[in-house]
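Chemist: Below is the file upload-v6.tsv, which contains TSV, C-alpha atoms and all ligand atoms.
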chain	number	residue	atom	x	y	z
A	160	MET	CA	-59.50	18.00	31.85
A	161	ALA	CA	-61.75	15.26	30.45
A	162	THR	CA	-59.84	12.21	29.30
A	163	THR	CA	-60.25	8.84	27.70
A	164	THR	CA	-57.86	6.23	28.98
A	165	ILE	CA	-57.28	2.60	28.15
A	166	THR	CA	-58.46	0.01	30.61
A	167	GLU	CA	-57.00	-0.98	33.93
A	168	ARG	CA	-56.55	-4.45	32.50
A	169	THR	CA	-54.35	-3.11	29.76
A	170	ALA	CA	-52.23	-1.27	32.27
A	171	LYS	CA	-51.30	-4.57	33.86
A	172	LEU	CA	-49.92	-6.22	30.74
A	173	THR	CA	-46.72	-8.14	30.88
A	174	LEU	CA	-44.01	-7.01	28.52
A	175	ASN	CA	-44.88	-9.45	25.78
A	176	GLY	CA	-48.62	-9.77	26.25
A	177	SER	CA	-50.73	-12.29	28.10
A	178	ALA	CA	-50.81	-16.07	27.75
A	179	SER	CA	-53.77	-17.57	25.89
A	180	THR	CA	-56.29	-19.83	27.63
A	181	ASN	CA	-58.30	-22.77	26.31
A	182	GLU	CA	-61.92	-21.97	25.55
A	183	GLY	CA	-64.18	-22.52	28.53
A	184	GLU	CA	-61.32	-23.10	30.91
A	185	GLN	CA	-61.62	-21.14	34.13
A	186	LYS	CA	-58.32	-19.99	35.49
A	187	PRO	CA	-57.89	-18.51	38.93
A	188	GLU	CA	-57.17	-14.81	38.92
A	189	GLN	CA	-53.42	-14.47	38.95
A	190	PRO	CA	-51.76	-11.30	40.12
A	191	GLN	CA	-50.22	-9.65	37.05
A	192	PRO	CA	-46.93	-7.87	37.39
A	193	THR	CA	-47.42	-4.18	36.74
A	194	TYR	CA	-46.43	-3.25	33.23
A	195	ARG	CA	-43.06	-1.57	33.44
A	196	TYR	CA	-44.05	1.18	31.02
A	197	ALA	CA	-47.60	1.75	32.26
A	198	HIS	CA	-46.80	5.45	32.70
A	199	LEU	CA	-46.20	5.64	28.94
A	200	LEU	CA	-49.50	4.09	27.84
A	201	PRO	CA	-51.69	6.13	25.46
A	202	HIS	CA	-53.78	8.88	26.93
A	203	PHE	CA	-56.37	10.75	24.87
A	204	SER	CA	-57.07	14.14	26.37
A	205	GLN	CA	-59.90	16.25	24.95
A	206	ASP	CA	-57.64	19.31	24.87
A	207	THR	CA	-57.68	21.39	21.71
A	208	TYR	CA	-54.61	22.95	20.16
A	209	PRO	CA	-54.30	26.10	18.04
A	210	PRO	CA	-52.80	25.84	14.53
A	211	LEU	CA	-49.04	25.31	14.39
A	212	THR	CA	-47.00	28.43	13.78
A	213	PRO	CA	-43.94	28.61	11.50
A	214	TYR	CA	-40.55	28.31	13.13
A	215	GLU	CA	-36.96	28.76	11.95
A	216	HIS	CA	-35.32	25.35	11.71
A	217	ALA	CA	-31.53	25.09	12.07
A	218	ASP	CA	-30.51	21.60	11.00
A	219	PRO	CA	-27.96	20.02	13.38
A	220	GLY	CA	-26.47	18.08	10.46
A	221	HIS	CA	-25.14	21.39	9.09
A	222	ARG	CA	-22.88	21.79	12.09
A	223	ALA	CA	-21.36	18.35	11.60
A	224	LEU	CA	-20.25	19.24	8.06
A	225	GLY	CA	-17.50	21.33	9.66
A	226	HIS	CA	-16.22	18.56	11.96
A	227	ALA	CA	-12.81	17.02	11.28
A	228	ASN	CA	-14.45	13.58	11.26
A	229	PRO	CA	-18.25	13.79	10.89
A	230	ARG	CA	-18.51	10.06	11.69
A	231	ALA	CA	-16.51	10.28	14.94
A	232	PHE	CA	-19.60	9.34	16.96
A	233	LEU	CA	-19.25	5.82	15.55
A	234	GLY	CA	-15.73	5.50	16.96
A	235	ASN	CA	-16.72	3.02	19.69
A	236	ALA	CA	-18.98	0.93	17.45
A	237	THR	CA	-18.36	-2.80	17.57
A	238	ARG	CA	-20.38	-3.41	14.42
A	239	VAL	CA	-21.52	-1.12	11.58
A	240	VAL	CA	-23.40	-2.88	8.78
A	241	GLU	CA	-25.04	-1.31	5.75
A	242	LEU	CA	-28.48	-2.91	5.53
A	243	THR	CA	-28.74	-2.32	1.78
A	244	PRO	CA	-26.68	-0.31	-0.70
A	245	ASN	CA	-29.39	2.34	-0.90
A	246	LEU	CA	-30.69	2.65	2.63
A	247	GLY	CA	-29.96	1.93	6.25
A	248	THR	CA	-27.06	1.24	8.60
A	249	GLU	CA	-27.20	-1.00	11.66
A	250	VAL	CA	-24.92	-0.19	14.58
A	251	ARG	CA	-23.90	-2.00	17.75
A	252	GLY	CA	-21.65	-0.66	20.48
A	253	VAL	CA	-22.73	3.00	20.41
A	254	ASN	CA	-24.81	4.15	23.39
A	255	LEU	CA	-27.10	6.95	22.20
A	256	ALA	CA	-27.79	8.00	25.80
A	257	GLN	CA	-24.14	9.03	26.15
A	258	LEU	CA	-23.72	11.11	22.97
A	259	ASN	CA	-22.66	14.71	23.50
A	260	SER	CA	-23.93	17.64	21.47
A	261	ASP	CA	-21.29	17.36	18.72
A	262	GLU	CA	-21.92	13.64	18.41
A	263	ARG	CA	-25.66	14.24	18.10
A	264	ASP	CA	-24.93	16.63	15.23
A	265	GLU	CA	-22.83	13.95	13.55
A	266	LEU	CA	-25.62	11.46	14.07
A	267	ALA	CA	-28.06	13.84	12.33
A	268	LEU	CA	-25.76	14.09	9.34
A	269	GLU	CA	-25.24	10.34	9.14
A	270	VAL	CA	-28.98	9.63	9.34
A	271	ALA	CA	-29.53	12.19	6.56
A	272	ARG	CA	-26.93	10.42	4.42
A	273	ARG	CA	-28.12	6.86	5.06
A	274	GLY	CA	-31.83	7.68	5.43
A	275	LEU	CA	-32.19	5.16	8.24
A	276	MET	CA	-30.07	3.95	11.15
A	277	VAL	CA	-30.74	1.11	13.57
A	278	PHE	CA	-29.08	1.13	16.99
A	279	ARG	CA	-29.27	-2.05	19.08
A	280	ASP	CA	-28.96	-2.47	22.86
A	281	GLN	CA	-30.22	1.01	23.77
A	282	HIS	CA	-31.77	0.08	27.12
A	283	GLU	CA	-30.23	3.05	28.93
A	284	PHE	CA	-31.90	5.48	26.52
A	285	ILE	CA	-35.27	3.71	26.61
A	286	ASP	CA	-35.31	3.52	30.40
A	287	ALA	CA	-34.28	7.16	30.81
A	288	GLY	CA	-37.95	8.16	30.53
A	289	PRO	CA	-40.05	10.86	28.92
A	290	GLU	CA	-38.15	13.94	30.09
A	291	ALA	CA	-34.97	12.52	28.56
A	292	TYR	CA	-36.85	11.71	25.32
A	293	LEU	CA	-37.91	15.35	25.04
A	294	GLU	CA	-34.42	16.65	25.74
A	295	TRP	CA	-33.06	14.32	23.06
A	296	GLY	CA	-35.62	15.29	20.45
A	297	ARG	CA	-35.26	19.04	20.98
A	298	HIS	CA	-31.66	18.82	19.88
A	299	PHE	CA	-32.92	18.04	16.38
A	300	GLY	CA	-35.79	20.50	16.08
A	301	ARG	CA	-39.08	21.74	17.53
A	302	LEU	CA	-41.09	18.74	18.67
A	303	HIS	CA	-44.24	18.07	16.71
A	304	ILE	CA	-47.43	17.49	18.68
A	305	HIS	CA	-49.67	15.07	16.83
A	306	PRO	CA	-53.27	16.21	16.35
A	307	THR	CA	-54.92	12.80	16.89
A	308	SER	CA	-52.62	10.18	18.40
A	309	GLY	CA	-52.36	9.01	21.98
A	310	HIS	CA	-49.53	10.25	24.15
A	311	PRO	CA	-48.28	9.54	27.67
A	312	ASP	CA	-50.19	11.58	30.23
A	313	GLY	CA	-48.49	14.98	30.42
A	314	TYR	CA	-46.29	14.44	27.35
A	315	PRO	CA	-48.22	15.41	24.20
A	316	GLU	CA	-44.94	15.65	22.24
A	317	LEU	CA	-44.51	11.87	22.40
A	318	HIS	CA	-46.45	10.08	19.68
A	319	LEU	CA	-47.45	6.54	20.63
A	320	VAL	CA	-48.37	3.50	18.60
A	321	TYR	CA	-50.25	0.89	20.57
A	322	LYS	CA	-52.00	-2.41	19.93
A	323	ASP	CA	-52.89	-5.22	22.31
A	324	ALA	CA	-55.21	-8.20	22.41
A	325	SER	CA	-58.35	-6.11	22.63
A	326	SER	CA	-57.55	-2.66	21.34
A	327	THR	CA	-55.56	-0.72	18.82
A	328	PHE	CA	-54.69	2.95	18.68
A	329	ASN	CA	-52.88	2.72	15.36
A	330	TYR	CA	-53.86	3.85	11.90
A	331	GLU	CA	-54.99	0.50	10.50
A	332	LEU	CA	-56.96	-0.24	7.35
A	333	HIS	CA	-58.53	-3.67	7.29
A	334	ASP	CA	-60.73	-3.26	4.21
A	335	SER	CA	-57.85	-3.49	1.76
A	336	LEU	CA	-55.77	-6.33	0.34
A	337	LEU	CA	-52.76	-4.18	1.11
A	338	PRO	CA	-52.81	-2.85	4.67
A	339	THR	CA	-49.28	-1.59	4.02
A	340	VAL	CA	-49.61	2.20	4.00
A	341	TRP	CA	-46.43	3.90	2.82
A	342	HIS	CA	-46.06	7.39	4.19
A	343	SER	CA	-43.76	10.10	5.34
A	344	ASP	CA	-44.98	11.19	8.79
A	345	VAL	CA	-47.49	14.06	8.90
A	346	SER	CA	-46.41	15.37	5.49
A	347	TYR	CA	-49.49	17.61	5.51
A	348	GLU	CA	-47.79	20.00	7.93
A	349	LEU	CA	-46.12	23.14	6.56
A	350	GLN	CA	-42.89	21.97	8.19
A	351	PRO	CA	-42.99	18.17	8.30
A	352	PRO	CA	-40.59	16.22	10.53
A	353	GLY	CA	-36.91	15.64	9.84
A	354	LEU	CA	-34.75	13.43	12.06
A	355	THR	CA	-37.15	11.06	13.78
A	356	THR	CA	-36.52	8.58	16.61
A	357	PHE	CA	-38.69	5.53	17.27
A	358	PHE	CA	-38.47	2.57	19.65
A	359	LEU	CA	-40.66	-0.15	21.11
A	360	LEU	CA	-41.39	-0.64	24.80
A	361	ALA	CA	-43.24	-3.92	24.21
A	362	GLN	CA	-43.25	-6.06	21.12
A	363	PRO	CA	-44.74	-9.28	19.79
A	364	SER	CA	-42.49	-12.35	19.87
A	365	THR	CA	-42.44	-12.21	16.08
A	366	GLY	CA	-43.92	-9.83	13.53
A	367	GLY	CA	-44.60	-6.11	13.64
A	368	ASP	CA	-41.49	-5.33	11.60
A	369	THR	CA	-41.24	-1.91	9.94
A	370	LEU	CA	-40.60	-1.30	6.25
A	371	PHE	CA	-38.60	1.66	5.00
A	372	THR	CA	-37.83	2.91	1.52
A	373	SER	CA	-35.37	5.45	0.19
A	374	GLN	CA	-37.18	8.22	-1.65
A	375	VAL	CA	-33.74	9.28	-2.96
A	376	SER	CA	-32.81	6.05	-4.73
A	377	LEU	CA	-36.42	5.54	-5.84
A	378	LEU	CA	-36.25	8.86	-7.62
A	379	ARG	CA	-32.97	7.95	-9.33
A	380	THR	CA	-34.64	5.03	-11.08
A	381	PHE	CA	-36.73	7.35	-13.26
A	382	SER	CA	-35.43	8.65	-16.57
A	383	PRO	CA	-33.74	12.06	-16.55
A	384	GLN	CA	-36.56	13.46	-18.69
A	385	PHE	CA	-39.25	12.27	-16.28
A	386	ARG	CA	-37.29	13.48	-13.24
A	387	ALA	CA	-36.98	16.89	-14.87
A	388	PHE	CA	-40.76	16.97	-15.35
A	389	LEU	CA	-41.45	15.86	-11.78
A	390	LYS	CA	-39.28	18.71	-10.51
A	391	THR	CA	-41.71	21.21	-12.01
A	392	LEU	CA	-44.61	19.82	-9.95
A	393	SER	CA	-46.05	20.44	-6.53
A	394	ALA	CA	-48.73	18.47	-4.71
A	395	VAL	CA	-51.36	18.86	-2.01
A	396	HIS	CA	-50.81	16.88	1.21
A	397	SER	CA	-53.87	16.53	3.43
A	398	GLY	CA	-54.48	15.67	7.07
A	399	VAL	CA	-58.26	15.53	6.60
A	400	GLU	CA	-58.66	11.76	6.21
A	401	GLN	CA	-56.47	11.08	9.22
A	402	ALA	CA	-58.64	13.42	11.31
A	403	ASN	CA	-61.82	11.81	9.97
A	404	PHE	CA	-60.43	8.38	10.91
A	405	SER	CA	-60.29	9.59	14.51
A	406	ARG	CA	-63.62	11.40	14.30
A	407	SER	CA	-65.22	8.10	13.26
A	408	GLY	CA	-64.30	6.82	16.72
A	409	LYS	CA	-61.08	4.98	15.89
A	410	ARG	CA	-57.61	5.51	17.37
A	411	GLY	CA	-58.83	7.19	20.54
A	412	GLY	CA	-61.45	9.29	18.78
A	413	VAL	CA	-60.02	12.74	19.39
A	414	VAL	CA	-58.96	15.52	17.02
A	415	ARG	CA	-57.15	18.17	19.03
A	416	ARG	CA	-56.01	20.38	16.17
A	417	GLU	CA	-58.06	21.03	13.04
A	418	PRO	CA	-56.60	19.20	10.01
A	419	VAL	CA	-54.54	21.16	7.51
A	420	GLU	CA	-53.50	20.82	3.88
A	421	HIS	CA	-50.26	22.16	2.44
A	422	VAL	CA	-48.57	22.23	-0.95
A	423	HIS	CA	-45.09	20.73	-1.19
A	424	PRO	CA	-42.73	20.16	-4.11
A	425	VAL	CA	-42.95	16.68	-5.65
A	426	ILE	CA	-39.13	16.59	-5.56
A	427	ARG	CA	-37.52	18.18	-2.51
A	428	ARG	CA	-33.87	18.92	-1.84
A	429	HIS	CA	-32.29	17.97	1.48
A	430	PRO	CA	-30.85	21.14	3.01
A	431	VAL	CA	-27.71	19.43	4.33
A	432	THR	CA	-26.80	16.70	1.85
A	433	GLY	CA	-28.25	18.43	-1.22
A	434	GLU	CA	-29.81	15.11	-2.28
A	435	GLU	CA	-33.07	15.13	-4.18
A	436	ALA	CA	-35.94	12.97	-2.92
A	437	LEU	CA	-39.40	12.06	-4.13
A	438	TYR	CA	-41.83	13.67	-1.70
A	439	VAL	CA	-45.23	12.12	-2.27
A	440	ASN	CA	-46.90	9.32	-0.34
A	441	ARG	CA	-50.09	7.33	-0.64
A	442	GLN	CA	-51.38	8.21	2.83
A	443	PHE	CA	-51.33	11.99	2.60
A	444	THR	CA	-50.65	13.21	-0.97
A	445	ARG	CA	-53.92	13.90	-2.72
A	446	ARG	CA	-53.35	15.67	-6.05
A	447	ILE	CA	-50.82	17.48	-8.18
A	448	VAL	CA	-51.38	21.19	-8.40
A	449	GLY	CA	-52.41	22.55	-11.80
A	450	LEU	CA	-52.84	19.25	-13.64
A	451	LYS	CA	-56.13	17.91	-14.94
A	452	LYS	CA	-57.69	15.31	-12.62
A	453	GLU	CA	-56.79	12.34	-14.86
A	454	GLU	CA	-53.22	13.57	-15.33
A	455	SER	CA	-52.75	13.98	-11.59
A	456	GLU	CA	-54.26	10.59	-10.77
A	457	THR	CA	-52.16	8.79	-13.39
A	458	ILE	CA	-48.88	10.31	-12.28
A	459	LEU	CA	-49.56	9.79	-8.58
A	460	LYS	CA	-50.55	6.18	-9.23
A	461	LEU	CA	-47.28	5.61	-11.08
A	462	LEU	CA	-45.31	7.12	-8.20
A	463	PHE	CA	-47.25	5.33	-5.44
A	464	ASP	CA	-47.02	1.98	-7.25
A	465	HIS	CA	-43.29	2.45	-7.67
A	466	ILE	CA	-42.92	3.08	-3.91
A	467	ASP	CA	-45.03	-0.01	-3.14
A	468	ARG	CA	-43.17	-2.39	-5.41
A	469	SER	CA	-39.58	-1.28	-5.36
A	470	GLY	CA	-37.87	-3.84	-3.15
A	471	ALA	CA	-34.44	-2.69	-4.33
A	472	ASN	CA	-34.97	0.58	-2.45
A	473	GLN	CA	-36.39	-0.92	0.73
A	474	ALA	CA	-35.11	-2.16	4.07
A	475	ARG	CA	-37.05	-4.12	6.68
A	476	ILE	CA	-36.34	-3.69	10.37
A	477	LYS	CA	-36.83	-6.61	12.71
A	478	TRP	CA	-37.21	-5.28	16.21
A	479	GLU	CA	-35.24	-6.60	19.17
A	480	PRO	CA	-35.77	-5.37	22.73
A	481	GLY	CA	-33.61	-2.26	23.11
A	482	THR	CA	-33.65	-1.27	19.44
A	483	ILE	CA	-33.86	2.41	18.48
A	484	VAL	CA	-34.47	3.34	14.88
A	485	MET	CA	-33.82	6.80	13.48
A	486	TRP	CA	-34.83	7.98	10.05
A	487	ASP	CA	-34.79	11.19	8.09
A	488	ASN	CA	-38.44	11.72	7.29
A	489	ARG	CA	-37.52	14.09	4.44
A	490	VAL	CA	-35.86	11.42	2.29
A	491	THR	CA	-37.57	8.16	3.32
A	492	ALA	CA	-41.02	6.65	3.61
A	493	HIS	CA	-42.11	3.77	5.84
A	494	SER	CA	-44.96	1.43	6.70
A	495	ALA	CA	-45.95	-0.76	9.60
A	496	ILE	CA	-46.54	-4.45	8.93
A	497	LEU	CA	-49.76	-5.75	10.49
A	498	ASP	CA	-48.97	-9.44	10.73
A	499	TYR	CA	-49.15	-10.08	14.47
A	500	GLY	CA	-52.82	-9.49	15.29
A	501	GLU	CA	-53.63	-13.18	15.77
A	502	SER	CA	-50.98	-13.54	18.46
A	503	LYS	CA	-52.87	-11.08	20.71
A	504	GLU	CA	-49.52	-9.74	21.85
A	505	THR	CA	-48.81	-6.13	22.67
A	506	ARG	CA	-46.86	-3.70	20.56
A	507	HIS	CA	-46.20	-0.34	22.21
A	508	GLY	CA	-43.92	2.23	20.62
A	509	VAL	CA	-42.77	5.81	21.15
A	510	ARG	CA	-41.92	8.29	18.40
A	511	ILE	CA	-39.95	11.50	18.98
A	512	THR	CA	-40.71	13.75	16.05
A	513	PRO	CA	-38.79	17.02	15.55
A	514	GLN	CA	-40.04	19.26	12.77
A	515	ALA	CA	-37.69	20.45	10.04
A	516	GLU	CA	-37.75	23.13	7.34
A	517	ARG	CA	-40.57	23.72	4.91
A	518	PRO	CA	-39.67	21.36	2.01
A	519	VAL	CA	-37.19	22.99	-0.36
A	520	PRO	CA	-38.00	22.44	-4.05
A	521	ALA	CA	-35.27	20.68	-6.05
A	522	LEU	CA	-36.13	23.08	-8.87
A	523	GLU	CA	-34.94	26.49	-7.78
A	524	GLY	CA	-37.68	29.09	-8.03
A	525	LEU	CA	-40.56	26.61	-8.13
A	526	GLU	CA	-43.54	28.53	-6.86
A	527	LEU	CA	-45.52	26.80	-4.11
A	528	THR	CA	-49.01	28.15	-3.98
A	529	ASN	CA	-50.93	27.91	-0.75
A	530	ASP	CA	-54.09	27.34	-2.76
A	531	THR	CA	-55.00	23.74	-1.92
A	532	ALA	CA	-58.57	23.99	-3.25
A	601	FE	FE	-45.25	6.69	10.44
Could you render the structure as structure tokens?

Modeler:
Amino acid sequence: MATTTITERTAKLTLNGSASTNEGEQKPEQPQPTYRYAHLLPHFSQDTYPPLTPYEHADPGHRALGHANPRAFLGNATRVVELTPNLGTEVRGVNLAQLNSDERDELALEVARRGLMVFRDQHEFIDAGPEAYLEWGRHFGRLHIHPTSGHPDGYPELHLVYKDASSTFNYELHDSLLPTVWHSDVSYELQPPGLTTFFLLAQPSTGGDTLFTSQVSLLRTFSPQFRAFLKTLSAVHSGVEQANFSRSGKRGGVVRREPVEHVHPVIRRHPVTGEEALYVNRQFTRRIVGLKKEESETILKLLFDHIDRSGANQARIKWEPGTIVMWDNRVTAHSAILDYGESKETRHGVRITPQAERPVPALEGLELTNDTA
């Protein structure tokens, strides 16, 4: 199999990047300690994948609804703090690596309810390695294989983000005043992800935080009349630009599965909590089905601008070594923050991305055409 790999030099990075040198100064070659997570560095095989096929998703959160105490998995927590009223809970004292099947179901329900959960001190989980990551993710759904991103050699189900002093394999736009790109992961798929797990293996000493927003509380801020109108709409989500970004030579330069477009409801209903969430995002949503071009552009601009500006619905995660963040991709959006490039430090993250159901329209009976033309 033909492959593109990052350089040997990169594979010898220290955990928090390399020290800078003064210009012109010659330093003797120092032996670098081998990067602890070198086996999880991005690998860009030239393999091609067939289109995804539909699958029946059974949400683990459903099972927890029948538990006597659906929050029992938090029983050993030493600290549980709501990050904001609308979104996010931070937990200390719960070891995700030790959760049993029932507790994982409860976790799925709690993430669905809070949108976002942050678990600190998860070194056992992170050091358990790729086979354990897959076993974990499969509890929550069929693992999505990303069409363009880098993955550890032999583990295409693990989506990696990676940036160091000389290279980046992230989706980064540098020709805009606002490199913040709000999105719900791979929303162009017929069955986009649900309960998603993400953690960093290496991180800059400061910066590289992640922004999240609640698409549930964002939606509530609109008038009842406008919400009722939005419920009647569906929109096209497209993976074409993301594929073209890779085809232009960026982010590893491979497209292993042909890009797809799918139509989803503008307001979706969570199958477990019943909550309604805005389901459009600036990165992948292209147009509203059936509206005139100007109507579609105006409404999408209003929705995207509201997502961008609405601090009251946002939470910002500052990473610490050992942090694991979980979010429900059906009811939240997020964006990286690209503020650490000058430090030349390394940021290396792993995402475990189980797919969920095809988005359920909040308006019962809303017809979702497959005509994306
Ligand atoms: Fe993302």

Chemist: With all atoms listed in the file as the atoms that count, which of A:Leu258, A:Val395, A:Leu378, A:Ile511 lies nearest to ligand FE 601 (chain A)?

Modeler: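 With all atoms listed in the file as the atom set, the closest residue is A:Ile511.
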
Chemist: Using only C-alpha atoms and all ligand atoms, determine which residues fall within 10 Å of ligand FE 601 (chain A), then list them as a PyMOL selection string.

Modeler: chain A and resi 318+320+329-330+340-345+355+357+369+371+442+488+492-495+510

Chemist: For C-alpha atoms, I'd like the residues from the last selection saved as a JSON list (two decimals), keeping the file's coordinate frame.

Modeler:
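What follows is the written file selection-v2.json:
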[["chain", "number", "residue", "atom", "x", "y", "z"],
["A", 318, "HIS", "CA", -46.45, 10.08, 19.68],
["A", 320, "VAL", "CA", -48.37, 3.50, 18.60],
["A", 329, "ASN", "CA", -52.88, 2.72, 15.36],
["A", 330, "TYR", "CA", -53.86, 3.85, 11.90],
["A", 340, "VAL", "CA", -49.61, 2.20, 4.00],
["A", 341, "TRP", "CA", -46.43, 3.90, 2.82],
["A", 342, "HIS", "CA", -46.06, 7.39, 4.19],
["A", 343, "SER", "CA", -43.76, 10.10, 5.34],
["A", 344, "ASP", "CA", -44.98, 11.19, 8.79],
["A", 345, "VAL", "CA", -47.49, 14.06, 8.90],
["A", 355, "THR", "CA", -37.15, 11.06, 13.78],
["A", 357, "PHE", "CA", -38.69, 5.53, 17.27],
["A", 369, "THR", "CA", -41.24, -1.91, 9.94],
["A", 371, "PHE", "CA", -38.60, 1.66, 5.00],
["A", 442, "GLN", "CA", -51.38, 8.21, 2.83],
["A", 488, "ASN", "CA", -38.44, 11.72, 7.29],
["A", 492, "ALA", "CA", -41.02, 6.65, 3.61],
["A", 493, "HIS", "CA", -42.11, 3.77, 5.84],
["A", 494, "SER", "CA", -44.96, 1.43, 6.70],
["A", 495, "ALA", "CA", -45.95, -0.76, 9.60],
["A", 510, "ARG", "CA", -41.92, 8.29, 18.40]]

Chemist: Given all atoms listed in the file as the basis, pick out the residue of A:Ala361, A:Val240, A:Val484, A:Val425 nearest to A:Tyr194.

Modeler: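 Among A:Ala361, A:Val240, A:Val484, A:Val425, it is A:Ala361 that comes nearest to A:Tyr194.
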
Chemist: What's the separation between atom CA of A:Ser407 and atom CA of A:Ile496, in Å to one decimal place?

Modeler: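 Computed distance, atom CA of A:Ser407 to atom CA of A:Ile496, equals 22.9 Å.
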
Chemist: Excluding A:Ser393 and residues on its chain fewer than 3 positions from it, collect all residues at most 6 Å away from it, counting all atoms listed in the file, and give them as a PyMOL selection string.

Modeler: chain A and resi 423-425+447-448

Chemist: Closest to A:Glu269 among A:Asp487, A:Glu294, A:Glu526, A:Asp323, using only C-alpha atoms?

Modeler: A:Asp487

Chemist: Which of these residues is nearest to A:Val509, using only C-alpha atoms: A:Val414, A:Ala231, A:Leu275, A:Ile483?

Modeler: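 Result for the nearest residue to A:Val509: A:Ile483.
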
Chemist: Counting only C-alpha atoms, which residue out of A:Arg410, A:His429, A:Arg475, A:His396 sits closest to A:Val277?

Modeler: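 Closest to A:Val277, using only C-alpha atoms: A:Arg475.
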
Chemist: Counting all atoms listed in the file, which of A:Arg445, A:Arg272, A:Lys451, A:Arg427 gets nearest to A:Met485?

Modeler: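 With all atoms listed in the file as the atom set, the closest residue is A:Arg272.
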